[in-house]
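These notes concern the structure reproduced below.
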Amino acid sequence: MMDIFEKEKKLFLSTYKRIPIDISHGEGVYLYDKKGNKYLDFFSGLAVNALGYSDPDIISAVTEQVKKFSHLSNNFITDVQIEFAEKLLKYSGMSGIFLSNSGTEAVEGTIKLIRKVKGPEKEIFSFTGSFHGRTYGALTLTPKEKYQHGYKPLLSNISYIKFNDIEDLQNKVDSNTAAVFIEFIEGEGGIVPASEKFIEKIEELRKKFSFILVADEIQTGTGRTGKPFAFNHYNILPDIVVTAKAIGGGLPLGAILVSSELKNVFSTGSHGTTFGGNPVACAAGNVVFKKVFEDGLLKNVENNGKYFIDNLNMLKEDFLKEIKEVRGKGYMLGVEHFYECSQIVEEFRERGVFVNCTNQNVIRILPPLIAGKDHIDLFISEYRNILKGKK
Ligand SMILES: Cc1ncc(COP(=O)(O)O)c(C=O)c1O
């Protein structure tokens, strides 16, 4: 009889490299496979599962909502969506919201909004090392050959600036600039924070040329970095924030958040989607916001994030031939090795820990926001054992 992995090969388009583990369920910070093995999940479904697995409040909020209705057309507005919008706008400091189903869709809608305000001829910029999604507009903003290969022609009037390179920024941004998309901490790019000076220069140029600054907070939002959004680490307020991943509590949801000046760009019918703002996803998201922003989880990430990075730096000191640099903030951390690190990810897995490798050499650590010091200690101890084996 074929197992699910053989069946997958037969049935699915081969877009994903699947982990050969058949998961039975999750609880808290742990996942369990059908053989009864337990895994510490420091990957969180790629920064989605902020509250870990089987959170009882998410389960009851979702159940209550499904009992009422799981979907209405966007011709209706419901309480649960209003609560969601109020909370997300409050914590982001933005003024208007559009709800999508995913991150890439939020980026796509934002490109449309920018074109509508600024016209089609003006240039939109993103940064080297950035990742904004896989649909055509978002893919065009993602300047990595691995992702763009075979899909050209891409969208016109989109170009790239070297991340954290003030000179390149100054040379490219001018009065013909419509917008700049930025991840304040690049995720896929290897957990690379923007430098303070770089953001100061962006702010200076934004004042001069009045372009729209878009913060891609799809991975970094909802408390992931120890602040509500990664831009909160800097002295700046973007014109647009796009977010997704954790905001739906494990269900598909994305959002475009705009400043008051951009609230009236879209009019009835100029943008839309059938499932965007699904009430069940909003009900789950409301629980996430409550726990992260109101019940102290954000503080947990801020405090334990410091503890985590200190411990990773100690590890680096002990393994100077293995670890090049430790980067990141809160629970979005990266450990750059001197070599390709997929082997380390596999060794972690054999020891019952899930973690991710990005940009070839970087161990990307994205624990659920509920993870505590004991989980961090366990992770560090396994990491140490793996690196000891390499000496
Ligand atoms: C920074 C960033 N932007 C955009 C996306 C795309 O989001 P989605 O996969 O929900 O379309 C991702 C996904 O990893 C991301 O990390």
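Order determines the names: the first chain of the structure tokens is A, the second B, and so forth; residues in each chain are numbered 1 upward, and ligands are numbered 1 upward as they are shown.
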List every residue of chain A that has an atom at most 6 Å from any atom of ligand 1, giving for each one its closest atom pair and the distance in Å to one decimal, counting only C-alpha atoms and all ligand atoms, sorted by chain and then by ascending residue number, as JSON lines.
```
{"residue": "A:Ser102", "atom": "CA", "partner": "ligand 1", "partner_atom_place_in_ligand_line": "10 (O)", "distance": 4.0}
{"residue": "A:Gly103", "atom": "CA", "partner": "ligand 1", "partner_atom_place_in_ligand_line": "7 (O)", "distance": 3.4}
{"residue": "A:Thr104", "atom": "CA", "partner": "ligand 1", "partner_atom_place_in_ligand_line": "11 (O)", "distance": 3.6}
{"residue": "A:Phe131", "atom": "CA", "partner": "ligand 1", "partner_atom_place_in_ligand_line": "2 (C)", "distance": 5.2}
{"residue": "A:His132", "atom": "CA", "partner": "ligand 1", "partner_atom_place_in_ligand_line": "4 (C)", "distance": 3.6}
{"residue": "A:Gly133", "atom": "CA", "partner": "ligand 1", "partner_atom_place_in_ligand_line": "6 (C)", "distance": 3.8}
{"residue": "A:Gly187", "atom": "CA", "partner": "ligand 1", "partner_atom_place_in_ligand_line": "16 (O)", "distance": 5.9}
{"residue": "A:Asp216", "atom": "CA", "partner": "ligand 1", "partner_atom_place_in_ligand_line": "1 (C)", "distance": 5.6}
{"residue": "A:Ile218", "atom": "CA", "partner": "ligand 1", "partner_atom_place_in_ligand_line": "2 (C)", "distance": 4.9}
{"residue": "A:Gln219", "atom": "CA", "partner": "ligand 1", "partner_atom_place_in_ligand_line": "16 (O)", "distance": 4.5}
{"residue": "A:Lys245", "atom": "CA", "partner": "ligand 1", "partner_atom_place_in_ligand_line": "10 (O)", "distance": 5.9}
```
Export, as a PDB file, in the first residue's frame, the selected residues with C-alpha atoms.
```pdb
ATOM      1  CA  SER A 102      -3.140  35.748   2.138  1.00  0.00           C
ATOM      2  CA  GLY A 103       0.000  37.831   2.207  1.00  0.00           C
ATOM      3  CA  THR A 104       0.654  37.845  -1.505  1.00  0.00           C
ATOM      4  CA  PHE A 131      10.299  38.371  -0.327  1.00  0.00           C
ATOM      5  CA  HIS A 132       6.789  39.654  -0.998  1.00  0.00           C
ATOM      6  CA  GLY A 133       4.923  36.660  -2.423  1.00  0.00           C
ATOM      7  CA  GLY A 187      12.746  37.042   6.592  1.00  0.00           C
ATOM      8  CA  ASP A 216       5.578  44.267   4.523  1.00  0.00           C
ATOM      9  CA  ILE A 218       3.424  39.615   6.754  1.00  0.00           C
ATOM     10  CA  GLN A 219       6.054  37.643   8.640  1.00  0.00           C
ATOM     11  CA  LYS A 245       0.223  34.820   8.525  1.00  0.00           C
TER      12      LYS A 245
END
```
Exercise: segment 378-382 of chain A partners within 12 Å, only C-alpha atoms, chain neighbours under 2 positions left out, as a ChimeraX atom specification: /A:29,39-43,307-316,335,344-345,347-355,365-367,371-376,384-389
Write out, as CSV, each residue of segment 268-355 of chain A that has an atom at most 12 Å from segment 55-68 of chain A, together with the closest pair of atoms and their distance in Å to one decimal, counting only C-alpha atoms, rows going by chain and rising number.
```
residue,atom,partner,partner_atom,distance
A:Asn278,CA,A:Gln65,CA,10.4
A:Pro279,CA,A:Gln65,CA,7.2
A:Val280,CA,A:Val62,CA,5.6
A:Ala281,CA,A:Val62,CA,7.6
A:Cys282,CA,A:Val62,CA,8.9
A:Ala283,CA,A:Ala61,CA,5.8
A:Ala284,CA,A:Ile58,CA,5.3
A:Gly285,CA,A:Ile58,CA,8.3
A:Asn286,CA,A:Ala61,CA,8.7
A:Val287,CA,A:Ile58,CA,6.1
A:Val288,CA,A:Ile58,CA,7.9
A:Phe289,CA,A:Ile58,CA,11.1
A:Lys290,CA,A:Asp57,CA,10.3
A:Lys291,CA,A:Asp57,CA,9.6
```
Residues flagged helix (DSSP H, G or I) by DSSP in segment 42-232 of chain A, as a ChimeraX atom specification: /A:44-47,56-68,79-92,103-118,136-140,145-148,166-172,196-209,230-232
Spatial neighbours of Arg327 of chain A, 12 Å, only C-alpha atoms, chain gap at least 2 places, as a PyMOL selection string: chain A and resi 185-187+189-194+225+305-306+308-310+312-313+316+323-325+329-337+362-365
Could you please take those selected residues and save C-alpha atoms as a CSV table (one decimal), in the first residue's frame?
```csv
chain,number,residue,atom,x,y,z
A,185,ILE,CA,13.5,42.6,9.0
A,186,GLU,CA,14.0,40.6,5.9
A,187,GLY,CA,12.7,37.0,6.6
A,189,GLY,CA,16.5,37.0,2.9
A,190,GLY,CA,18.1,35.5,6.0
A,191,ILE,CA,16.7,37.5,9.0
A,192,VAL,CA,18.4,40.8,8.2
A,193,PRO,CA,17.2,43.9,10.0
A,194,ALA,CA,17.2,47.3,8.3
A,225,THR,CA,9.7,40.7,16.8
A,305,GLY,CA,13.7,37.1,22.7
A,306,LYS,CA,16.5,38.8,24.5
A,308,PHE,CA,17.2,33.6,23.3
A,309,ILE,CA,19.5,35.9,21.4
A,310,ASP,CA,21.9,36.1,24.3
A,312,LEU,CA,22.6,32.0,20.7
A,313,ASN,CA,25.4,34.5,20.9
A,316,LYS,CA,28.4,31.4,18.7
A,323,ILE,CA,28.5,30.2,13.4
A,324,LYS,CA,29.2,33.4,11.5
A,325,GLU,CA,26.5,35.7,12.9
A,329,LYS,CA,14.6,40.5,17.2
A,330,GLY,CA,12.1,38.9,19.5
A,331,TYR,CA,11.1,35.5,18.2
A,332,MET,CA,12.4,36.1,14.7
A,333,LEU,CA,16.0,35.0,14.9
A,334,GLY,CA,18.6,33.8,12.4
A,335,VAL,CA,21.8,32.0,12.9
A,336,GLU,CA,24.1,32.3,9.9
A,337,HIS,CA,26.5,29.4,9.4
A,362,VAL,CA,20.7,30.7,7.8
A,363,ILE,CA,18.9,28.7,10.5
A,364,ARG,CA,15.6,30.6,10.8
A,365,ILE,CA,14.0,30.4,14.2
```
Who sits within 9 Å of Pro143 of chain A, only C-alpha atoms, same chain under 6 positions skipped, as a list of chain:residue names: A:Ser126, A:Phe127, A:Thr128, A:Gly129, A:Ser130, A:Phe131, A:Ser159, A:Tyr160
Residues of segment 78-188 of chain A in strand (DSSP E), written as a PyMOL selection string: chain A and resi 96-100+123-127+158-161+177-182+185-186
Selection near Ile199 of chain A, 12 Å with only C-alpha atoms, sequence-local residues under 2 positions removed, as a ChimeraX atom specification: /A:163-166,169,180,182-185,193-197,201-206,213,215,231-238
Write the residues of the selection above to a file with N, CA, C and O atoms, as a short mmCIF file (atom, residue, chain, number, x, y, z; two decimals), in the first residue's frame.
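Result saved to part10.cif:
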```cif
data_model
loop_
_atom_site.label_atom_id
_atom_site.label_comp_id
_atom_site.auth_asym_id
_atom_site.auth_seq_id
_atom_site.Cartn_x
_atom_site.Cartn_y
_atom_site.Cartn_z
N PHE A 163 19.53 46.42 -0.39
CA PHE A 163 19.07 46.56 1.01
C PHE A 163 20.20 47.10 1.88
O PHE A 163 21.35 46.66 1.76
N ASN A 164 19.85 48.06 2.73
CA ASN A 164 20.80 48.68 3.66
C ASN A 164 21.94 49.43 2.96
O ASN A 164 22.96 49.69 3.58
N ASP A 165 21.75 49.77 1.68
CA ASP A 165 22.78 50.50 0.94
C ASP A 165 22.27 51.93 0.67
O ASP A 165 21.49 52.17 -0.26
N ILE A 166 22.72 52.86 1.51
CA ILE A 166 22.21 54.23 1.46
C ILE A 166 22.52 54.90 0.11
O ILE A 166 21.69 55.62 -0.46
N LEU A 169 20.17 53.67 -2.54
CA LEU A 169 18.85 54.25 -2.25
C LEU A 169 18.78 55.68 -2.77
O LEU A 169 17.84 56.05 -3.49
N VAL A 180 7.86 52.53 -2.11
CA VAL A 180 8.96 51.65 -1.70
C VAL A 180 8.39 50.60 -0.77
O VAL A 180 7.74 50.94 0.22
N ILE A 182 9.15 47.60 1.87
CA ILE A 182 10.26 47.14 2.71
C ILE A 182 9.81 46.13 3.77
O ILE A 182 8.73 46.28 4.35
N GLU A 183 10.64 45.13 3.99
CA GLU A 183 10.51 44.30 5.19
C GLU A 183 11.52 44.89 6.18
O GLU A 183 12.72 44.89 5.90
N PHE A 184 11.05 45.38 7.30
CA PHE A 184 11.98 46.01 8.26
C PHE A 184 12.99 44.98 8.79
O PHE A 184 14.11 45.33 9.16
N ILE A 185 12.56 43.74 8.86
CA ILE A 185 13.53 42.65 9.05
C ILE A 185 13.26 41.66 7.92
O ILE A 185 12.18 41.06 7.86
N PRO A 193 17.88 42.64 9.67
CA PRO A 193 17.20 43.88 10.03
C PRO A 193 17.71 45.07 9.20
O PRO A 193 18.90 45.13 8.88
N ALA A 194 16.81 46.00 8.90
CA ALA A 194 17.24 47.26 8.26
C ALA A 194 18.04 48.05 9.29
O ALA A 194 17.70 48.03 10.48
N SER A 195 19.07 48.76 8.84
CA SER A 195 19.84 49.57 9.79
C SER A 195 19.08 50.85 10.10
O SER A 195 18.28 51.33 9.28
N GLU A 196 19.32 51.39 11.28
CA GLU A 196 18.65 52.64 11.70
C GLU A 196 18.92 53.74 10.67
O GLU A 196 18.02 54.49 10.29
N LYS A 197 20.17 53.82 10.24
CA LYS A 197 20.57 54.88 9.31
C LYS A 197 19.83 54.76 7.99
O LYS A 197 19.46 55.75 7.37
N LYS A 201 17.27 57.48 6.35
CA LYS A 201 17.42 58.01 4.99
C LYS A 201 16.13 57.82 4.18
O LYS A 201 15.70 58.71 3.44
N ILE A 202 15.49 56.68 4.37
CA ILE A 202 14.21 56.46 3.68
C ILE A 202 13.22 57.55 4.11
O ILE A 202 12.52 58.13 3.28
N GLU A 203 13.19 57.82 5.41
CA GLU A 203 12.25 58.83 5.93
C GLU A 203 12.56 60.21 5.33
O GLU A 203 11.66 60.95 4.92
N GLU A 204 13.85 60.52 5.26
CA GLU A 204 14.25 61.81 4.70
C GLU A 204 13.81 61.90 3.22
O GLU A 204 13.24 62.91 2.80
N LEU A 205 14.02 60.84 2.49
CA LEU A 205 13.66 60.85 1.07
C LEU A 205 12.15 60.82 0.86
O LEU A 205 11.62 61.42 -0.08
N ARG A 206 11.45 60.15 1.77
CA ARG A 206 9.98 60.14 1.67
C ARG A 206 9.43 61.55 1.85
O ARG A 206 8.52 61.97 1.14
N LEU A 213 5.36 54.65 1.45
CA LEU A 213 6.21 53.65 2.09
C LEU A 213 5.34 52.49 2.57
O LEU A 213 4.43 52.67 3.38
N ALA A 215 5.17 48.92 4.46
CA ALA A 215 5.86 47.96 5.33
C ALA A 215 5.24 46.59 5.10
O ALA A 215 4.04 46.40 5.31
N PHE A 231 8.18 47.68 12.22
CA PHE A 231 8.51 49.11 12.04
C PHE A 231 8.51 49.85 13.38
O PHE A 231 9.11 50.91 13.50
N ASN A 232 7.86 49.29 14.41
CA ASN A 232 7.85 49.93 15.73
C ASN A 232 9.24 49.93 16.39
O ASN A 232 9.44 50.61 17.39
N HIS A 233 10.19 49.19 15.83
CA HIS A 233 11.56 49.25 16.35
C HIS A 233 12.27 50.52 15.86
O HIS A 233 13.37 50.82 16.29
N TYR A 234 11.64 51.21 14.90
CA TYR A 234 12.27 52.39 14.31
C TYR A 234 11.35 53.59 14.53
O TYR A 234 10.18 53.43 14.84
N ASN A 235 11.88 54.77 14.30
CA ASN A 235 11.09 55.98 14.49
C ASN A 235 10.40 56.36 13.18
O ASN A 235 10.76 57.34 12.53
N ILE A 236 9.40 55.56 12.79
CA ILE A 236 8.77 55.78 11.49
C ILE A 236 7.36 55.19 11.48
O ILE A 236 7.10 54.19 12.16
N LEU A 237 6.47 55.81 10.73
CA LEU A 237 5.13 55.24 10.53
C LEU A 237 4.92 55.10 9.02
O LEU A 237 4.90 56.10 8.29
N PRO A 238 4.78 53.87 8.53
CA PRO A 238 4.59 53.68 7.09
C PRO A 238 3.24 54.25 6.63
O PRO A 238 2.37 54.55 7.44
#
```
